[in-house]
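Everything on this sheet refers to the single structure shown next.
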Amino acid sequence: MIIVMKPEATEEEIAAVENKIREFGYEPHEIVGVECKVIGAVGDERGKERLHTLDSWPGVDETIAILKPYKLASREAKPHDTVIDVDGVPVGGELFTLIAGPCSVESIEQMCGTAEKVKKSGANMLRGGAYKPRTSPYSFQGMEEEGLKILAEAKKTSGLPIVTEVMAPNEIELVAKYADVLQVGARNVQNFSLLKEVGKMSKPVLLKRGLMTTIKEFLMSAEYILSEGNKNVILCERGIRTFETATRNTLDISCVPVLKKETHLPILIDPSHATGHWDMVASMARASVAAGADGLMIEVHPDPANAFSDGPQSLKPEKFAALTEELRPFLKLMKRTL
Ligand code: PEP
Ligand code: MN
């Protein structure tokens with residue numbers, strides 16, 4: 001249920017409505033609209049009709065039942081696009097988000113060198129995994145805190161905000177000390193304990209779609225984070241598993257128009273994990289811009305042949321530079337800046 005306040009509603013009237021929502025056993029979430037304030041009341045769906053009695057309260061314009069199962073994530077609750085501030089970089093607005101960097105943090109030289117190069121090419125955020133979700137327990141698992149420290153150093157030298165994955169609830173505090181964006185990986189998209197815990201943080205969360213996640217399930221996962229109070233959720237499509245084996249995953253490019261219709265949250269595309277092949281990244285990046293995605297996350301490595309993880313899908317910095325130049329006319333056409 002959302003409670004739409006009148007534009008002239010006073011702070012006292014808003015507080016009274018929020019108290020009543022709590023009294024009914026629901027959690028009020030303020031949704032800042034363009035003209036007026038909207039309060040989302042979320043909680044147990046049973047008995048929510050009681051909230052309609054708020055219709056006649058001072059300062060209340062109307063109460064509207066949100067029909068979608070994802071309440072706070074839905075466009076019904078918030079018609080305008082959400083723009084998320086990542087340490088000064090707005091995500092979801094006119095500026096196109098371009099996150100680049102290696103799959104795994106491997107060394108200070110690798111991270112700082114890559115950061116400098118991708119920044120020169122137009123990237124506005126740096127990625128690198130310090131905790132790696134690997135299919136095999138015998139594969140490289142990441143540098144952990146040492147990797148986080150390297151990321152902090154790369155931020156210092158390049159000025160780029162850091163996006164890095166957090167895999168477990170007990171690692172969140174440590175990762176959040178170094179990261180500007182907490183990445184929840186595809187395999188954890190329905191790890192509800194992790195979602196609830198990152199929801200209690202104020203740092204933006206980059207939520208990747210799972211290999212077998214429907215768009216509805218994806219938005220329900222975003223809802224877990226939002227319902228805990230963290231409004232800064234960035235969605236990322238990274239390919240889903242289909243019968244096709246020519247590519248690592250199948251990029252569901254049509255999720256962009258679906259998500260644009262269903263949610264106000266920004267949506268990025270990761271063409272690296274979606275295709276699994278470096279030579280297919282550029283065409284899917286162009287398609288992502290054309291489809292209306294808010295940004296891209298691309299794996300870039302100075303020496304892909306010797307990368308600790310995901311070398312075959314990683315671009316060399318020169319190729320990344322060429323790609324960003326290639327994207328510029330597409331971005332202009334889509335009224336995006338980089
Ligand atoms: C990654 O970004 O390096 C990663 C592991 O991605 P995903 O969770 O999408 O597989
Ligand atoms: Mn990777």
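Ordered as shown in the structure tokens, chains take letters A, B, and onward, while each chain numbers its residues from 1 and ligands are numbered from 1 in the order shown.
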Please check which protein, DNA or RNA residues sit within 7 Å of ligand 1, counting only C-alpha atoms and all ligand atoms, and write them as a PDB file with C-alpha atoms, in the first residue's frame.
ATOM      1  CA  CYS A 103      37.371 -10.161 -12.713  1.00  0.00           C
ATOM      2  CA  SER A 104      39.747 -10.708  -9.761  1.00  0.00           C
ATOM      3  CA  GLY A 129      36.713  -9.189  -7.013  1.00  0.00           C
ATOM      4  CA  LYS A 132      35.368 -14.857  -5.726  1.00  0.00           C
ATOM      5  CA  PRO A 133      32.437 -17.261  -6.130  1.00  0.00           C
ATOM      6  CA  GLY A 185      26.715 -11.952  -7.371  1.00  0.00           C
ATOM      7  CA  ALA A 186      24.477 -14.058  -9.575  1.00  0.00           C
ATOM      8  CA  ARG A 187      24.822 -17.107  -7.343  1.00  0.00           C
ATOM      9  CA  LYS A 208      23.239  -9.342 -10.326  1.00  0.00           C
ATOM     10  CA  ARG A 238      24.591 -10.787 -16.761  1.00  0.00           C
ATOM     11  CA  HIS A 273      29.724 -12.762 -18.149  1.00  0.00           C
TER      12      HIS A 273
END
Run DSSP on the backbone and grab whatever in region 97-156 of chain A lands in strand (DSSP E); send it over as a list of chain:residue names.
->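 Reading the DSSP output for region 97-156 of chain A, strand (DSSP E) covers A:Thr97, A:Leu98, A:Ile99, A:Ala100, A:Gly101, A:Met125, A:Leu126, A:Arg127.
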Please, could you write that set of residues out with all heavy atoms as an mmCIF file, in the first residue's frame?
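Full text of again34.cif as output:
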data_model
loop_
_atom_site.group_PDB
_atom_site.id
_atom_site.type_symbol
_atom_site.label_atom_id
_atom_site.label_comp_id
_atom_site.auth_asym_id
_atom_site.auth_seq_id
_atom_site.Cartn_x
_atom_site.Cartn_y
_atom_site.Cartn_z
ATOM 1 N N THR A 97 26.613 4.842 -16.870
ATOM 2 C CA THR A 97 27.520 4.203 -15.908
ATOM 3 C C THR A 97 28.426 3.230 -16.651
ATOM 4 O O THR A 97 27.937 2.365 -17.389
ATOM 5 C CB THR A 97 26.712 3.445 -14.838
ATOM 6 O OG1 THR A 97 25.813 4.365 -14.214
ATOM 7 C CG2 THR A 97 27.608 2.818 -13.793
ATOM 8 N N LEU A 98 29.717 3.381 -16.458
ATOM 9 C CA LEU A 98 30.648 2.459 -17.105
ATOM 10 C C LEU A 98 31.615 1.922 -16.054
ATOM 11 O O LEU A 98 32.518 2.626 -15.592
ATOM 12 C CB LEU A 98 31.391 3.183 -18.240
ATOM 13 C CG LEU A 98 32.224 2.311 -19.165
ATOM 14 C CD1 LEU A 98 31.410 1.169 -19.778
ATOM 15 C CD2 LEU A 98 32.839 3.153 -20.288
ATOM 16 N N ILE A 99 31.366 0.678 -15.661
ATOM 17 C CA ILE A 99 32.201 0.021 -14.648
ATOM 18 C C ILE A 99 33.164 -0.907 -15.384
ATOM 19 O O ILE A 99 32.723 -1.732 -16.195
ATOM 20 C CB ILE A 99 31.341 -0.811 -13.667
ATOM 21 C CG1 ILE A 99 30.205 0.039 -13.061
ATOM 22 C CG2 ILE A 99 32.204 -1.433 -12.577
ATOM 23 C CD1 ILE A 99 29.173 -0.769 -12.278
ATOM 24 N N ALA A 100 34.448 -0.768 -15.114
ATOM 25 C CA ALA A 100 35.414 -1.628 -15.793
ATOM 26 C C ALA A 100 36.495 -2.063 -14.825
ATOM 27 O O ALA A 100 36.752 -1.403 -13.810
ATOM 28 C CB ALA A 100 36.035 -0.877 -16.977
ATOM 29 N N GLY A 101 37.125 -3.179 -15.163
ATOM 30 C CA GLY A 101 38.210 -3.689 -14.325
ATOM 31 C C GLY A 101 38.265 -5.195 -14.421
ATOM 32 O O GLY A 101 37.403 -5.827 -15.034
ATOM 33 N N MET A 125 33.697 3.957 -12.891
ATOM 34 C CA MET A 125 33.840 3.134 -11.680
ATOM 35 C C MET A 125 34.789 1.979 -11.982
ATOM 36 O O MET A 125 34.910 1.560 -13.132
ATOM 37 C CB MET A 125 32.487 2.555 -11.254
ATOM 38 C CG MET A 125 31.664 3.501 -10.435
ATOM 39 S SD MET A 125 30.186 2.687 -9.855
ATOM 40 C CE MET A 125 28.998 3.909 -10.374
ATOM 41 N N LEU A 126 35.394 1.474 -10.896
ATOM 42 C CA LEU A 126 36.359 0.381 -11.045
ATOM 43 C C LEU A 126 35.817 -0.883 -10.380
ATOM 44 O O LEU A 126 35.304 -0.812 -9.270
ATOM 45 C CB LEU A 126 37.676 0.803 -10.370
ATOM 46 C CG LEU A 126 38.844 -0.165 -10.445
ATOM 47 C CD1 LEU A 126 39.347 -0.319 -11.880
ATOM 48 C CD2 LEU A 126 39.987 0.311 -9.532
ATOM 49 N N ARG A 127 35.952 -2.011 -11.070
ATOM 50 C CA ARG A 127 35.536 -3.267 -10.467
ATOM 51 C C ARG A 127 36.750 -4.167 -10.217
ATOM 52 O O ARG A 127 37.806 -3.989 -10.817
ATOM 53 C CB ARG A 127 34.513 -4.010 -11.345
ATOM 54 C CG ARG A 127 35.023 -4.470 -12.704
ATOM 55 C CD ARG A 127 34.326 -5.757 -13.166
ATOM 56 N NE ARG A 127 34.761 -6.900 -12.390
ATOM 57 C CZ ARG A 127 34.006 -7.956 -12.102
ATOM 58 N NH1 ARG A 127 32.762 -8.004 -12.532
ATOM 59 N NH2 ARG A 127 34.490 -8.958 -11.399
#
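You will find CA of Phe320 (chain A) at 15.5 Å from CA of Gln110 (chain A).
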Mind giving me the straight-line distance from CA of Lys332 (chain A) to CA of Ala282 (chain A) in Å, one decimal?
->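 According to the coordinates, CA of Lys332 (chain A) and CA of Ala282 (chain A) are separated by 16.9 Å.
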Selection near Arg328 (chain A), 10 Å with only C-alpha atoms, sequence-local residues under 4 positions removed, as a PyMOL selection string | chain A and resi 286+289+323-324+332-334+336-338
